[in-house]
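Participant: Dropping the structure in here first, questions after.
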Amino acid sequence: FGDAGDLLRSLRMFGRMRKLQYLRDNVLLRCSDENAQRSLSSLQLPVPSLVTYSTLMSRAVKLNKPRVALRLWNLMMTTTTSYSSGDTITTTTTTQDEAVTTTIVPDVKAANILMNCYAKLGDVTRAKQLLHEMKTGTTLDGSPPMLQARRAH
């Protein structure tokens with residue numbers, strides 16, 4: 001992660017991770033063969049985590065690309081991941097295994113990266129809202145919280 005080229009390569013790898021998940025999920029939805037479904041659902045694919053998102057966002061802000069970091073934040077907050085009962089990370093629930101769908105919940109470090117992003121953009125209003133939400137858990141104006149996961153529309 002030394003320069004912008006490394007960030008670009010990392011973002012490409014991140015995109016491939018998400019594309020693999022998407023393709024596997026679509027094949028699982030369309031596949032009627034139970035053996036094939038079991039094989040596909042047991043594939044262990046790399047899944048973007050809070051650490052993945054935080055690392056990419058932090059590097060983007062450091063390289064003066066705060067809009068990239070904001071896009072990653074929004075993507076993180078609207079992404080759901082399912083974990084099967086066998087601790088194998090999957091991106092879809094299956095009928096054979098009990099799976100729990102979770103969202104990525106930002107921690108203080110991720111919120112700090114978002115705060116740095118707003119600082120780079122000169123967005124004082126959003127920075128104040130985020131700080132208030134971090135302190136109190138509520139928003140100033142009744143808008144949706146920035147630190148709680150939201151569903152994509």
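Naming works like this for the structure tokens: A, B, ... for the chains as they're shown, residue 1 at the start of each chain, ligands 1 onward in shown order.
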So that I can see what lies close to His132 in chain A, please list as a list in words the residues with an atom at most 12 Å from it, counting only C-alpha atoms and leaving out residues fewer than 4 positions away in the same chain.
Facilitator: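 The contact residues come out as Ala111, Met115, Thr125, Arg126, Ala127, Lys128, Thr136, Gly137, Thr138, Thr139, Leu140, Asp141, Pro145, Met146 and Leu147 of chain A.
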Participant: Find the distance between CA of Ala119 in chain A and CA of Ser58 in chain A and write it in Å to one decimal.
Facilitator: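 Atom-to-atom, CA of Ala119 in chain A to CA of Ser58 in chain A, that is 12.9 Å.
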Participant: In terms of the shortest atom-to-atom distance over only C-alpha atoms, which of A:Thr78, A:Arg24, A:Gln148, A:Leu8 is closest to Arg38 in chain A?
Facilitator: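 That would be A:Arg24, the residue with the smallest distance to Arg38 in chain A.
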Participant: What gap, in Å, lies between CA of Ser39 in chain A and CA of Met13 in chain A?
Facilitator: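 It comes out at 23.9 Å.
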Participant: Find the distance between CA of Leu7 in chain A and CA of Gln129 in chain A and write it in Å to one decimal.
Facilitator: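 CA of Gln129 in chain A lies at a distance of 28.6 Å from CA of Leu7 in chain A.
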Participant: Based on the backbone DSSP call, show me all residues of range 7-151 of chain A assigned strand (DSSP E or B), as a list in words.
Facilitator: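 Here is the list: Thr80, Thr81, Ser82, Tyr83, Ser84, Ile89, Thr90, Ala99, Val100, Thr101, Thr102 and Thr103 of chain A.
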Participant: Can you tell me which residues surround range 48-56 of chain A at a distance of at most 10 Å, considering only C-alpha atoms, apart from same-chain residues fewer than 4 positions away, and format the answer as an mmCIF file with N, CA, C and O atoms, in the first residue's frame?
Facilitator:
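Output (out-v2.cif):
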```cif
data_model
loop_
_atom_site.group_PDB
_atom_site.id
_atom_site.type_symbol
_atom_site.label_atom_id
_atom_site.label_comp_id
_atom_site.auth_asym_id
_atom_site.auth_seq_id
_atom_site.Cartn_x
_atom_site.Cartn_y
_atom_site.Cartn_z
ATOM 1 N N PHE A 1 0.828 -1.191 0.000
ATOM 2 C CA PHE A 1 0.000 0.000 0.000
ATOM 3 C C PHE A 1 0.869 1.250 0.000
ATOM 4 O O PHE A 1 0.681 2.140 0.814
ATOM 5 N N LEU A 7 -3.334 1.128 -4.359
ATOM 6 C CA LEU A 7 -4.750 1.294 -4.044
ATOM 7 C C LEU A 7 -5.603 0.791 -5.201
ATOM 8 O O LEU A 7 -6.580 0.072 -4.996
ATOM 9 N N LEU A 8 -5.223 1.139 -6.415
ATOM 10 C CA LEU A 8 -5.987 0.699 -7.579
ATOM 11 C C LEU A 8 -5.986 -0.827 -7.685
ATOM 12 O O LEU A 8 -7.027 -1.439 -7.916
ATOM 13 N N SER A 10 -5.586 -2.923 -5.261
ATOM 14 C CA SER A 10 -6.386 -3.428 -4.142
ATOM 15 C C SER A 10 -7.879 -3.299 -4.422
ATOM 16 O O SER A 10 -8.660 -4.199 -4.105
ATOM 17 N N LEU A 11 -8.280 -2.177 -5.010
ATOM 18 C CA LEU A 11 -9.687 -1.994 -5.358
ATOM 19 C C LEU A 11 -10.128 -2.986 -6.431
ATOM 20 O O LEU A 11 -11.265 -3.470 -6.414
ATOM 21 N N PHE A 14 -10.641 -6.235 -4.631
ATOM 22 C CA PHE A 14 -11.889 -6.102 -3.880
ATOM 23 C C PHE A 14 -13.081 -6.323 -4.817
ATOM 24 O O PHE A 14 -14.023 -7.040 -4.485
ATOM 25 N N GLY A 15 -13.030 -5.734 -5.990
ATOM 26 C CA GLY A 15 -14.096 -5.906 -6.976
ATOM 27 C C GLY A 15 -14.228 -7.354 -7.421
ATOM 28 O O GLY A 15 -15.338 -7.861 -7.596
ATOM 29 N N MET A 17 -13.455 -9.969 -5.595
ATOM 30 C CA MET A 17 -14.052 -10.693 -4.473
ATOM 31 C C MET A 17 -15.575 -10.575 -4.513
ATOM 32 O O MET A 17 -16.292 -11.561 -4.385
ATOM 33 N N ARG A 18 -16.053 -9.359 -4.703
ATOM 34 C CA ARG A 18 -17.503 -9.126 -4.727
ATOM 35 C C ARG A 18 -18.141 -9.790 -5.944
ATOM 36 O O ARG A 18 -19.237 -10.321 -5.870
ATOM 37 N N ALA A 60 -7.433 5.299 0.796
ATOM 38 C CA ALA A 60 -8.032 6.256 -0.145
ATOM 39 C C ALA A 60 -7.989 7.667 0.429
ATOM 40 O O ALA A 60 -7.637 8.621 -0.274
ATOM 41 N N VAL A 61 -8.326 7.818 1.704
ATOM 42 C CA VAL A 61 -8.281 9.145 2.334
ATOM 43 C C VAL A 61 -6.848 9.661 2.359
ATOM 44 O O VAL A 61 -6.587 10.826 2.060
ATOM 45 N N LYS A 62 -5.914 8.782 2.695
ATOM 46 C CA LYS A 62 -4.502 9.192 2.775
ATOM 47 C C LYS A 62 -3.969 9.644 1.408
ATOM 48 O O LYS A 62 -3.119 10.523 1.331
ATOM 49 N N VAL A 68 -13.723 8.217 -2.995
ATOM 50 C CA VAL A 68 -13.600 6.760 -3.098
ATOM 51 C C VAL A 68 -13.899 6.142 -1.735
ATOM 52 O O VAL A 68 -14.621 5.154 -1.635
ATOM 53 N N ALA A 69 -13.360 6.745 -0.688
ATOM 54 C CA ALA A 69 -13.599 6.249 0.665
ATOM 55 C C ALA A 69 -15.088 6.322 1.018
ATOM 56 O O ALA A 69 -15.631 5.386 1.622
ATOM 57 N N LEU A 72 -16.905 3.508 -0.676
ATOM 58 C CA LEU A 72 -16.660 2.257 0.043
ATOM 59 C C LEU A 72 -17.482 2.191 1.329
ATOM 60 O O LEU A 72 -18.029 1.148 1.678
ATOM 61 N N TRP A 73 -17.559 3.323 2.050
ATOM 62 C CA TRP A 73 -18.364 3.373 3.275
ATOM 63 C C TRP A 73 -19.825 3.031 2.965
ATOM 64 O O TRP A 73 -20.427 2.207 3.636
ATOM 65 N N LEU A 75 -21.039 1.437 0.430
ATOM 66 C CA LEU A 75 -21.129 0.045 0.011
ATOM 67 C C LEU A 75 -21.086 -0.877 1.236
ATOM 68 O O LEU A 75 -21.883 -1.814 1.353
ATOM 69 N N MET A 76 -20.194 -0.587 2.159
ATOM 70 C CA MET A 76 -20.075 -1.386 3.371
ATOM 71 C C MET A 76 -21.378 -1.358 4.175
ATOM 72 O O MET A 76 -21.824 -2.371 4.699
ATOM 73 N N THR A 79 -24.170 -3.621 2.503
ATOM 74 C CA THR A 79 -23.832 -4.999 2.163
ATOM 75 C C THR A 79 -24.194 -5.917 3.314
ATOM 76 O O THR A 79 -23.943 -5.605 4.462
ATOM 77 N N THR A 81 -23.849 -10.043 4.664
ATOM 78 C CA THR A 81 -23.078 -11.263 4.504
ATOM 79 C C THR A 81 -23.729 -12.335 5.351
ATOM 80 O O THR A 81 -24.185 -12.059 6.447
ATOM 81 N N THR A 103 -24.842 -7.708 8.891
ATOM 82 C CA THR A 103 -24.295 -6.547 8.203
ATOM 83 C C THR A 103 -22.984 -6.192 8.872
ATOM 84 O O THR A 103 -22.733 -6.569 10.013
ATOM 85 N N ILE A 104 -22.161 -5.479 8.170
ATOM 86 C CA ILE A 104 -20.892 -5.051 8.737
ATOM 87 C C ILE A 104 -21.170 -3.836 9.611
ATOM 88 O O ILE A 104 -21.706 -2.840 9.150
ATOM 89 N N VAL A 105 -20.825 -3.950 10.869
ATOM 90 C CA VAL A 105 -21.063 -2.872 11.823
ATOM 91 C C VAL A 105 -19.753 -2.123 12.020
ATOM 92 O O VAL A 105 -18.752 -2.709 12.430
ATOM 93 N N PRO A 106 -19.734 -0.827 11.727
ATOM 94 C CA PRO A 106 -18.486 -0.068 11.858
ATOM 95 C C PRO A 106 -18.082 0.086 13.318
ATOM 96 O O PRO A 106 -18.920 0.171 14.210
ATOM 97 N N ASP A 107 -16.776 0.111 13.537
ATOM 98 C CA ASP A 107 -16.253 0.353 14.872
ATOM 99 C C ASP A 107 -15.725 1.784 14.954
ATOM 100 O O ASP A 107 -15.894 2.580 14.013
ATOM 101 N N LYS A 109 -12.702 2.866 14.872
ATOM 102 C CA LYS A 109 -11.656 3.115 13.868
ATOM 103 C C LYS A 109 -12.265 3.464 12.513
ATOM 104 O O LYS A 109 -11.813 4.383 11.835
ATOM 105 N N ALA A 110 -13.303 2.727 12.129
ATOM 106 C CA ALA A 110 -13.972 3.002 10.852
ATOM 107 C C ALA A 110 -14.645 4.370 10.884
ATOM 108 O O ALA A 110 -14.599 5.122 9.899
ATOM 109 N N ALA A 111 -15.264 4.708 12.021
ATOM 110 C CA ALA A 111 -15.895 6.031 12.154
ATOM 111 C C ALA A 111 -14.837 7.129 12.090
ATOM 112 O O ALA A 111 -15.087 8.196 11.516
ATOM 113 N N ASN A 112 -13.664 6.878 12.638
ATOM 114 C CA ASN A 112 -12.576 7.848 12.568
ATOM 115 C C ASN A 112 -12.116 8.054 11.127
ATOM 116 O O ASN A 112 -11.819 9.180 10.708
ATOM 117 N N ILE A 113 -12.074 6.983 10.367
ATOM 118 C CA ILE A 113 -11.711 7.096 8.944
ATOM 119 C C ILE A 113 -12.755 7.944 8.221
ATOM 120 O O ILE A 113 -12.419 8.802 7.400
ATOM 121 N N LEU A 114 -14.029 7.712 8.539
ATOM 122 C CA LEU A 114 -15.099 8.513 7.934
ATOM 123 C C LEU A 114 -14.961 9.981 8.332
ATOM 124 O O LEU A 114 -15.143 10.876 7.505
#
```
Participant: Run DSSP on the backbone and grab whatever in range 30-81 of chain A lands in alpha helix (DSSP H); send it over as JSON, numbers by chain.
Facilitator: {"A": [30, 34, 35, 36, 37, 38, 39, 40, 41, 50, 51, 52, 53, 54, 55, 56, 57, 58, 59, 60, 61, 62, 66, 67, 68, 69, 70, 71, 72, 73, 74, 75, 76, 77, 78]}
Participant: Given only C-alpha atoms as the basis, pick out the residue of A:Leu121, A:Met57, A:Asp25, A:Cys31 nearest to Leu43 in chain A.
Facilitator: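 Looking only at the distances to Leu43 in chain A, the closest residue turns out to be A:Asp25.
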